[in-house]
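Undergrad: Contents of coords-v7.cif (mmCIF, C-alpha atoms) are given next:
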data_upload
#
loop_
_atom_site.label_atom_id
_atom_site.label_comp_id
_atom_site.auth_asym_id
_atom_site.auth_seq_id
_atom_site.Cartn_x
_atom_site.Cartn_y
_atom_site.Cartn_z
CA MET V 1 97.74 78.56 109.90
CA TRP V 2 97.38 81.86 108.11
CA ALA V 3 99.82 84.76 108.19
CA ASP V 4 100.95 87.83 106.28
CA ASP V 5 103.43 90.65 106.47
CA GLN V 6 101.27 93.33 108.02
CA GLN V 7 102.18 94.91 111.33
CA ARG V 8 99.45 96.93 112.99
CA GLU V 9 97.19 96.48 115.98
CA PRO V 10 93.88 94.72 115.15
CA GLY V 11 91.06 97.18 114.60
CA ALA V 12 93.34 100.22 114.34
CA GLU V 13 91.56 103.15 112.70
CA ARG V 14 92.77 104.71 109.51
CA PRO V 15 91.56 107.91 107.89
CA ASP V 16 90.63 106.07 104.70
CA ALA V 17 88.16 103.75 106.46
CA PRO V 18 85.23 102.64 104.30
CA ARG V 19 82.28 104.98 104.25
CA ARG V 20 78.90 104.19 105.80
CA ARG V 21 76.81 101.84 103.72
CA ALA V 22 74.31 103.76 101.58
CA THR V 23 70.63 103.31 102.49
CA ILE V 24 67.42 103.54 100.52
CA HIS V 25 66.90 106.96 102.14
CA ASP V 26 70.19 108.19 100.64
CA VAL V 27 69.19 107.05 97.15
CA ALA V 28 65.74 108.59 97.48
CA LYS V 29 67.21 111.92 98.56
CA LEU V 30 69.77 112.03 95.74
CA ALA V 31 67.22 111.05 93.09
CA GLY V 32 64.51 113.31 94.51
CA VAL V 33 61.94 110.55 94.84
CA SER V 34 60.21 108.54 97.56
CA ARG V 35 61.56 105.35 99.14
CA GLN V 36 58.73 103.42 97.50
CA THR V 37 59.87 104.66 94.09
CA VAL V 38 63.44 103.57 94.82
CA SER V 39 62.21 100.13 95.84
CA ARG V 40 60.17 99.75 92.66
CA ALA V 41 63.11 100.88 90.50
CA VAL V 42 65.85 98.69 91.96
CA ASN V 43 63.60 95.63 92.19
CA ASP V 44 62.11 96.24 88.73
CA LYS V 45 58.55 96.06 90.03
CA GLY V 46 55.45 98.16 89.56
CA GLU V 47 54.65 101.02 87.21
CA ILE V 48 57.39 103.65 87.05
CA ASP V 49 58.34 106.29 84.51
CA PRO V 50 61.41 105.13 82.53
CA ALA V 51 63.23 108.44 83.03
CA THR V 52 62.55 108.32 86.78
CA LYS V 53 63.73 104.73 86.93
CA GLU V 54 66.97 105.63 85.15
CA ARG V 55 67.52 108.56 87.55
CA VAL V 56 67.04 106.27 90.56
CA LEU V 57 69.36 103.59 89.17
CA GLU V 58 72.03 106.19 88.43
CA ALA V 59 71.78 107.47 92.02
CA ALA V 60 72.10 103.90 93.29
CA ARG V 61 75.21 103.39 91.18
CA LEU V 62 76.79 106.62 92.39
CA LEU V 63 76.18 105.67 96.03
CA ASP V 64 77.09 102.00 95.55
CA TYR V 65 73.69 101.19 97.03
CA ARG V 66 72.91 97.51 97.56
CA PRO V 67 69.35 96.56 98.53
CA SER V 68 69.17 94.81 101.88
CA ARG V 69 68.48 91.11 102.03
CA PHE V 70 65.33 91.95 104.04
CA ALA V 71 63.99 93.98 101.12
CA ARG V 72 64.52 90.94 98.90
CA GLY V 73 62.77 88.64 101.38
CA LEU V 74 65.78 86.33 101.77
CA VAL V 75 65.53 85.83 105.53
CA ARG V 76 63.13 86.31 108.39
CA LYS V 77 63.13 89.87 109.66
CA GLY V 78 65.19 90.18 112.82
CA THR V 79 67.51 87.25 112.09
CA VAL V 80 71.20 88.16 112.08
CA THR V 81 73.22 86.43 109.37
CA ALA V 82 77.02 86.27 109.43
CA GLY V 83 79.05 85.27 106.41
CA LEU V 84 82.10 83.06 107.10
CA VAL V 85 84.82 82.84 104.44
CA ILE V 86 87.22 79.92 104.89
CA PRO V 87 90.20 79.33 102.56
CA ASP V 88 90.41 75.53 102.60
CA LEU V 89 87.80 73.28 104.18
CA MET V 90 89.97 70.24 103.37
CA ASN V 91 92.58 71.47 105.86
CA PRO V 92 91.46 70.25 109.33
CA PHE V 93 92.53 73.54 110.93
CA PHE V 94 89.76 75.60 109.36
CA PRO V 95 86.72 73.46 110.24
CA GLU V 96 87.71 73.84 113.90
CA VAL V 97 87.79 77.63 113.52
CA ALA V 98 84.43 77.43 111.74
CA ALA V 99 83.04 75.34 114.63
CA GLY V 100 83.95 78.16 117.03
CA VAL V 101 82.17 80.69 114.84
CA LEU V 102 79.08 78.49 114.50
CA GLU V 103 78.89 77.76 118.24
CA ALA V 104 79.20 81.43 119.22
CA ALA V 105 76.72 82.50 116.53
CA GLU V 106 74.18 79.87 117.61
CA GLN V 107 74.38 81.10 121.19
CA ARG V 108 73.33 84.54 119.95
CA GLY V 109 70.57 83.17 117.74
CA TRP V 110 72.42 84.06 114.55
CA GLN V 111 72.71 82.05 111.37
CA VAL V 112 75.94 81.56 109.42
CA VAL V 113 76.56 81.23 105.69
CA VAL V 114 79.89 79.47 104.90
CA TRP V 115 81.94 80.12 101.77
CA ASP V 116 85.11 78.20 100.78
CA SER V 117 87.39 80.61 98.90
CA ARG V 118 89.90 77.84 97.99
CA ILE V 119 92.80 80.24 98.66
CA ASP V 120 91.80 82.23 95.58
CA GLU V 121 91.58 86.03 95.71
CA ALA V 122 89.01 86.15 92.92
CA ARG V 123 86.76 83.80 94.92
CA GLU V 124 87.34 85.94 98.02
CA GLN V 125 86.03 88.96 96.17
CA GLU V 126 83.12 86.98 94.74
CA ALA V 127 82.27 85.88 98.29
CA LEU V 128 82.13 89.50 99.44
CA ASP V 129 80.01 90.50 96.44
CA VAL V 130 77.47 87.83 97.37
CA LEU V 131 77.63 88.11 101.16
CA SER V 132 77.33 91.90 101.12
CA HIS V 133 73.76 91.32 99.89
CA GLN V 134 72.97 88.37 102.14
CA ALA V 135 74.73 88.95 105.45
CA ASP V 136 74.81 91.54 108.22
CA ALA V 137 78.55 91.02 108.74
CA VAL V 138 81.41 88.94 107.34
CA VAL V 139 84.13 87.00 109.17
CA GLY V 140 86.97 85.30 107.39
CA TYR V 141 90.41 84.79 105.91
CA PHE V 142 91.33 87.20 103.13
CA LYS V 143 94.58 87.84 101.31
CA SER V 144 93.30 90.78 99.27
CA PRO V 145 94.43 94.28 100.37
CA ASP V 146 92.10 96.46 102.43
CA ASP V 147 91.13 98.75 99.56
CA VAL V 148 90.09 95.77 97.43
CA LEU V 149 88.06 94.29 100.29
CA ALA V 150 86.32 97.62 100.88
CA ARG V 151 85.28 97.90 97.22
CA HIS V 152 83.54 94.52 97.36
CA LEU V 153 82.17 94.81 100.89
CA GLY V 154 79.53 97.47 100.39
CA GLY V 155 79.88 98.78 103.93
CA VAL V 156 79.05 95.49 105.69
CA PRO V 157 81.09 95.04 108.92
CA LEU V 158 84.14 92.81 108.40
CA VAL V 159 86.30 90.89 110.89
CA LEU V 160 89.57 89.46 109.57
CA LEU V 161 90.98 86.23 110.95
CA GLU V 162 94.76 85.96 111.45
CA ARG V 163 95.50 89.33 109.90
CA GLY V 164 96.67 91.02 113.08
CA PRO V 165 98.59 92.84 114.24
CA GLN V 166 98.53 94.58 110.91
CA GLN V 167 97.95 97.66 108.82
CA THR V 168 94.22 97.28 108.38
CA ARG V 169 91.18 99.43 108.73
CA PHE V 170 89.06 96.44 109.75
CA ALA V 171 88.56 94.65 113.04
CA ALA V 172 90.67 91.51 113.42
CA VAL V 173 91.53 88.53 115.59
CA GLY V 174 95.16 87.39 115.51
CA ILE V 175 97.48 84.58 116.58
CA ASP V 176 100.54 85.63 118.57
CA ALA V 177 103.21 83.81 116.56
CA GLU V 178 106.01 85.48 118.53
CA ALA V 179 104.78 84.12 121.85
CA GLY V 180 104.44 80.65 120.33
CA LEU V 181 107.85 80.54 118.65
CA GLU V 182 109.48 81.86 121.82
CA GLN V 183 108.23 78.78 123.67
CA GLY V 184 109.14 76.37 120.90
CA MET V 185 112.66 77.68 120.32
CA ALA V 186 113.42 77.76 124.03
CA HIS V 187 112.37 74.12 124.25
CA LEU V 188 114.68 73.09 121.38
CA VAL V 189 117.65 75.12 122.65
CA ARG V 190 117.28 73.59 126.13
CA ALA V 191 117.48 70.19 124.45
CA GLY V 192 120.81 71.19 122.92
CA HIS V 193 119.78 72.02 119.36
CA ARG V 194 121.83 74.74 117.61
CA ARG V 195 121.12 73.95 113.94
CA ILE V 196 117.39 74.58 113.50
CA GLY V 197 115.61 74.97 110.17
CA MET V 198 112.10 76.00 109.17
CA LEU V 199 109.58 74.85 106.57
CA ASP V 200 107.63 78.03 105.80
CA GLY V 201 104.19 78.25 104.24
CA VAL V 202 104.02 81.94 103.29
CA HIS V 203 105.95 83.69 100.55
CA GLY V 204 107.50 86.91 101.81
CA PRO V 205 108.11 88.03 105.41
CA GLY V 206 105.29 86.12 107.10
CA LEU V 207 104.66 86.50 110.82
CA ARG V 208 105.75 82.97 111.73
CA ARG V 209 109.01 83.24 109.82
CA GLN V 210 109.69 86.66 111.35
CA ALA V 211 109.08 85.20 114.83
CA PHE V 212 111.36 82.25 114.01
CA LEU V 213 114.17 84.56 112.89
CA THR V 214 113.71 86.74 115.98
CA GLU V 215 114.18 83.72 118.23
CA VAL V 216 117.18 82.50 116.23
CA ARG V 217 118.87 85.83 116.83
CA ARG V 218 117.82 85.88 120.49
CA HIS V 219 119.58 82.57 121.07
CA GLY V 220 122.66 83.54 119.04
CA LEU V 221 122.19 80.84 116.42
CA HIS V 222 123.61 80.98 112.90
CA ILE V 223 121.14 81.05 110.03
CA ASP V 224 120.87 82.12 106.40
CA ASP V 225 118.36 81.54 103.59
CA SER V 226 119.46 77.93 103.19
CA TRP V 227 117.96 77.12 106.61
CA THR V 228 114.42 77.87 105.39
CA ALA V 229 112.47 76.03 102.69
CA MET V 230 109.15 77.14 101.18
CA CYS V 231 106.14 74.85 100.95
CA THR V 232 104.01 75.35 97.86
CA GLU V 233 101.08 73.68 99.66
CA HIS V 234 99.97 73.74 103.30
CA SER V 235 99.78 69.95 103.30
CA VAL V 236 101.69 66.78 104.16
CA ALA V 237 102.84 66.55 100.54
CA GLY V 238 103.95 70.18 100.64
CA GLY V 239 105.96 69.47 103.78
CA GLU V 240 107.59 66.44 102.20
CA ALA V 241 108.73 68.34 99.12
CA ALA V 242 110.13 71.24 101.17
CA MET V 243 111.86 68.91 103.62
CA GLU V 244 113.64 67.13 100.78
CA ARG V 245 115.03 70.48 99.63
CA LEU V 246 115.95 71.57 103.15
CA LEU V 247 117.89 68.39 103.88
CA ASP V 248 119.66 68.67 100.54
CA ALA V 249 120.74 72.23 101.41
CA ARG V 250 121.37 71.72 105.15
CA PRO V 251 122.01 68.04 105.90
CA ASP V 252 123.49 69.10 109.25
CA ILE V 253 120.23 70.38 110.79
CA THR V 254 119.12 68.65 114.00
CA ALA V 255 115.67 70.24 114.38
CA VAL V 256 112.99 71.78 112.17
CA PHE V 257 109.85 73.88 112.64
CA GLY V 258 106.87 73.27 110.37
CA PHE V 259 104.66 76.22 109.44
CA ASN V 260 101.75 74.00 110.41
CA ASP V 261 101.20 70.47 111.68
CA LEU V 262 100.51 68.98 108.24
CA ILE V 263 103.84 70.30 106.97
CA ALA V 264 105.59 68.98 110.09
CA VAL V 265 104.13 65.51 109.51
CA GLY V 266 105.50 65.65 105.96
CA ALA V 267 108.92 66.51 107.42
CA MET V 268 108.81 63.43 109.65
CA ARG V 269 107.93 61.18 106.71
CA VAL V 270 110.95 62.42 104.74
CA ALA V 271 113.24 62.06 107.77
CA ARG V 272 112.28 58.39 108.07
CA ARG V 273 112.80 57.79 104.35
CA ARG V 274 116.28 59.26 104.66
CA GLY V 275 117.13 57.07 107.62
CA ARG V 276 116.90 59.80 110.26
CA ARG V 277 115.31 58.89 113.56
CA VAL V 278 112.80 61.34 115.05
CA PRO V 279 113.62 62.78 117.54
CA ASP V 280 117.10 61.22 118.06
CA ASP V 281 118.57 62.52 114.79
CA LEU V 282 116.01 65.20 113.96
CA ALA V 283 113.51 66.93 116.24
CA VAL V 284 110.29 68.16 114.60
CA VAL V 285 107.88 70.81 115.92
CA GLY V 286 104.57 71.77 114.30
CA PHE V 287 102.24 74.72 114.66
CA ASP V 288 98.41 74.61 115.08
CA GLY V 289 97.75 71.69 117.43
CA LEU V 290 95.66 69.46 115.17
CA SER V 291 94.33 66.21 116.62
CA LEU V 292 96.29 64.50 113.84
CA GLY V 293 99.47 65.21 115.81
CA GLU V 294 98.44 62.72 118.49
CA LEU V 295 97.86 59.95 115.93
CA VAL V 296 101.16 59.95 114.04
CA GLU V 297 104.24 58.07 115.21
CA PRO V 298 106.09 59.58 116.93
CA ALA V 299 103.42 61.92 118.29
CA LEU V 300 104.01 65.49 117.15
CA THR V 301 105.26 68.24 119.45
CA THR V 302 103.34 71.35 118.45
CA LEU V 303 102.39 74.93 119.26
CA HIS V 304 98.71 74.43 119.98
CA ILE V 305 96.19 77.10 118.96
CA ASP V 306 92.73 77.19 120.51
CA LYS V 307 91.01 77.32 117.15
CA ARG V 308 87.48 77.42 118.49
CA ARG V 309 88.39 80.38 120.68
CA LEU V 310 89.67 82.13 117.56
CA GLY V 311 86.22 81.70 116.00
CA ARG V 312 84.40 82.79 119.15
CA LEU V 313 86.48 85.95 119.40
CA ALA V 314 85.61 86.79 115.81
CA VAL V 315 81.90 86.57 116.61
CA GLU V 316 82.46 88.81 119.65
CA GLN V 317 84.10 91.34 117.34
CA VAL V 318 81.04 91.23 115.06
CA ALA V 319 78.73 91.78 118.03
CA ARG V 320 80.75 94.83 119.09
CA LEU V 321 80.69 96.32 115.62
CA ARG V 322 76.93 95.80 115.33
CA ALA V 323 76.44 97.49 118.69
CA GLY V 324 78.50 100.50 117.59
CA ALA V 325 81.27 99.73 120.09
CA GLU V 326 85.01 99.76 119.46
CA PRO V 327 86.36 96.34 118.43
CA MET V 328 88.67 94.51 120.79
CA SER V 329 92.38 95.20 120.35
CA GLY V 330 95.66 94.28 122.01
CA ALA V 331 95.75 91.14 124.15
CA ASP V 332 91.95 90.79 124.06
CA ALA V 333 92.03 90.13 120.31
CA TRP V 334 94.86 87.58 120.42
CA VAL V 335 95.08 83.82 120.72
CA ILE V 336 98.42 82.72 122.20
CA PRO V 337 99.76 79.31 121.14
CA GLU V 338 100.81 76.88 123.88
CA LEU V 339 103.66 74.41 123.56
CA VAL V 340 102.50 70.79 123.74
CA VAL V 341 105.53 68.50 124.14
CA ARG V 342 105.21 65.01 122.67
CA ALA V 343 107.66 62.46 121.32
CA SER V 344 108.84 64.23 118.13
CA ALA V 345 110.87 66.88 119.99
#
Translate the structure of the given file into structure tokens.
TA:
Amino acid sequence: MWADDQQREPGAERPDAPRRRATIHDVAKLAGVSRQTVSRAVNDKGEIDPATKERVLEAARLLDYRPSRFARGLVRKGTVTAGLVIPDLMNPFFPEVAAGVLEAAEQRGWQVVVWDSRIDEAREQEALDVLSHQADAVVGYFKSPDDVLARHLGGVPLVLLERGPQQTRFAAVGIDAEAGLEQGMAHLVRAGHRRIGMLDGVHGPGLRRQAFLTEVRRHGLHIDDSWTAMCTEHSVAGGEAAMERLLDARPDITAVFGFNDLIAVGAMRVARRRGRRVPDDLAVVGFDGLSLGELVEPALTTLHIDKRRLGRLAVEQVARLRAGAEPMSGADAWVIPELVVRASA
């Protein structure tokens, strides 16, 4: 459901990794005062000399010190809280990922705070500003670059969803788009399709489009920019609008990939309106494996992602980071889509 143009193994280390989160001990040492004095200054409590208070606050600013949620009495001591940032709770893909996070967190006795960023980078950064004070770690979908995330994170461990493999300093859990598209394209080519288009959901060289183009070349198929249409929304309506443009540009296509299942359903609706039978005149394949695909007519062939496993793996990454262990990488940090063949292709 989510993709970008980064190409590095999840969890790969970089020399510019974020520094250790400053502690009350660090502030006390820099300001030359006791921990109790730091606590009184930053929480604006108790009697304290104004000059000393200013010195402590300046030290806190220099170190980017953020008082722990325990110091503020927000949660019971010993309870682990994970922040979960989801881009669109109206899209049925993301609640399933969230369910995996919640299930795995509950098994460990953790609590989870959920934030809907609404696919807005400013809200992403606001989420990190808030969760860095309230959570022990953050899991989620972020489009902001690593350096921006680090500035708002305050040293709290972060696990990125669907940002791997990639150039990131953070731990990650990815979806192997290449393995999925390899299955889907092979299925269409075996059925005799040679003119295959794509409805993409990511501006720029997203991982799913790159995988699609790789498979096109592998099978020796012709393609140019007119075989791909962009969807402004990851929705049925977004798929409809893009499919109208794709059919206008390439009326000869016999099959189409949707960036996700909602987009693919939109493609089927347009095909019917234009008098094209699915799959006889146009085969349609989705990506994500939503339960919606079983309910439409014809039922949608899709590249199914185990979304709950994606969430569970993210929690496992958090547990490793909290234990001081190396995060999972390579195949262990991947979810591989599986082709589910139904009536649409």
Undergrad: Could you tell me which of V:Ala98, V:Ala171, V:Tyr141, V:Val113 comes closest to Glu326 (chain V) if we count only C-alpha atoms?
TA: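 The answer is V:Ala171, which sits nearest to Glu326 (chain V).
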Undergrad: In the coordinates of the file, take the point (62.8, 101.1, 97.3) and a cut-off of 10 Å; then, counting all atoms listed in the file, name each qualifying protein, DNA or RNA residue as a compact mmCIF listing (two decimals) with C-alpha atoms, in the frame of the given file.
TA:
# COMPACT_ATOMS: atom_id res chain seq x y z
CA THR V 23 70.63 103.31 102.49
CA ILE V 24 67.42 103.54 100.52
CA HIS V 25 66.90 106.96 102.14
CA VAL V 27 69.19 107.05 97.15
CA ALA V 28 65.74 108.59 97.48
CA VAL V 33 61.94 110.55 94.84
CA SER V 34 60.21 108.54 97.56
CA ARG V 35 61.56 105.35 99.14
CA GLN V 36 58.73 103.42 97.50
CA THR V 37 59.87 104.66 94.09
CA VAL V 38 63.44 103.57 94.82
CA SER V 39 62.21 100.13 95.84
CA ARG V 40 60.17 99.75 92.66
CA ALA V 41 63.11 100.88 90.50
CA VAL V 42 65.85 98.69 91.96
CA ASN V 43 63.60 95.63 92.19
CA ASP V 44 62.11 96.24 88.73
CA LYS V 45 58.55 96.06 90.03
CA VAL V 56 67.04 106.27 90.56
CA PRO V 67 69.35 96.56 98.53
CA ALA V 71 63.99 93.98 101.12
Undergrad: What does the structure give for the distance between CA of His304 (chain V) and CA of Glu338 (chain V), in Å to one decimal?
TA: 5.1 Å
Undergrad: Restricting the calculation to only C-alpha atoms, which member of V:Val216, V:Cys231, V:Leu207, V:Leu128 is positioned closest to Glu162 (chain V)?
TA: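 The closest residue to Glu162 (chain V) is V:Leu207.
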Undergrad: Just so the selection is clear, what residues does the PyMOL selection byres ((chain V and resi 138) around 7) cover here, as an MDAnalysis selection string?
TA: chainID V and resid 82:84 135 137 139:140 157:159
Undergrad: Please dump the current selection as a compact mmCIF listing (two decimals), in the coordinates of the input; keep C-alpha atoms.
TA:
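The file below, selection.txt, is the result:
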# COMPACT_ATOMS: atom_id res chain seq x y z
CA ALA V 82 77.02 86.27 109.43
CA GLY V 83 79.05 85.27 106.41
CA LEU V 84 82.10 83.06 107.10
CA ALA V 135 74.73 88.95 105.45
CA ALA V 137 78.55 91.02 108.74
CA VAL V 139 84.13 87.00 109.17
CA GLY V 140 86.97 85.30 107.39
CA PRO V 157 81.09 95.04 108.92
CA LEU V 158 84.14 92.81 108.40
CA VAL V 159 86.30 90.89 110.89
Undergrad: I need the residue set behind the PyMOL selection byres ((chain V and resi 89-97) around 12) for this file; please write it as number ranges by chain.
TA: V: 1-2, 84-88, 98-104, 114-119, 139-141, 161-162, 173, 233-236, 260-263, 287-293, 304-315, 335
Undergrad: Which residue out of V:Thr81, V:Gln183, V:Thr254, V:Thr52 has the minimum interatomic distance to Arg195 (chain V) when only C-alpha atoms are used?
TA: V:Thr254
Undergrad: Which residues, named as in the file, does the PyMOL selection byres ((chain V and resi 191) around 12) pick out? Answer as a list in words.
TA: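 Selection result, ordered by chain and number: Gly184, Met185, Ala186, His187, Leu188, Val189, Arg190, Gly192, His193, Arg194, Arg195, Ile196, Thr254, Ala255, Pro279, Asp280, Leu282, Ala283 and Ala345 of chain V.
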Undergrad: Given all atoms listed in the file as the basis, pick out the residue of V:Leu303, V:Leu199, V:Leu153, V:Leu295 nearest to Ala264 (chain V).
TA: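 With all atoms listed in the file as the atom set, the closest residue is V:Leu199.
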Undergrad: Edge lengths and centre in Å to one decimal, as lines of an AutoDock Vina configuration file, of the axis-aligned box that encloses all listed atoms of region 44-63 of chain V with 3 Å added on every side?
TA:
center_x = 65.7
center_y = 102.3
center_z = 89.3
size_x = 28.1
size_y = 18.5
size_z = 19.5
Undergrad: Please measure the separation of CA of Ala249 (chain V) and CA of Leu300 (chain V), giving the value in Å to one decimal.
TA: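 CA of Ala249 (chain V) sits 23.9 Å away from CA of Leu300 (chain V).
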Undergrad: Restricting the calculation to only C-alpha atoms: of V:Ala59, V:Val148, V:Ile253, V:Val156, which residue gets closest to Leu321 (chain V)?
TA: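 Ranked by minimum distance to Leu321 (chain V), first place goes to V:Val156.
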Undergrad: Considering only C-alpha atoms, can you say which of V:His219, V:Ala271, V:Leu149, V:Glu47 comes closest to Glu124 (chain V)?
TA: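 Closest residue, counting only C-alpha atoms: V:Leu149.
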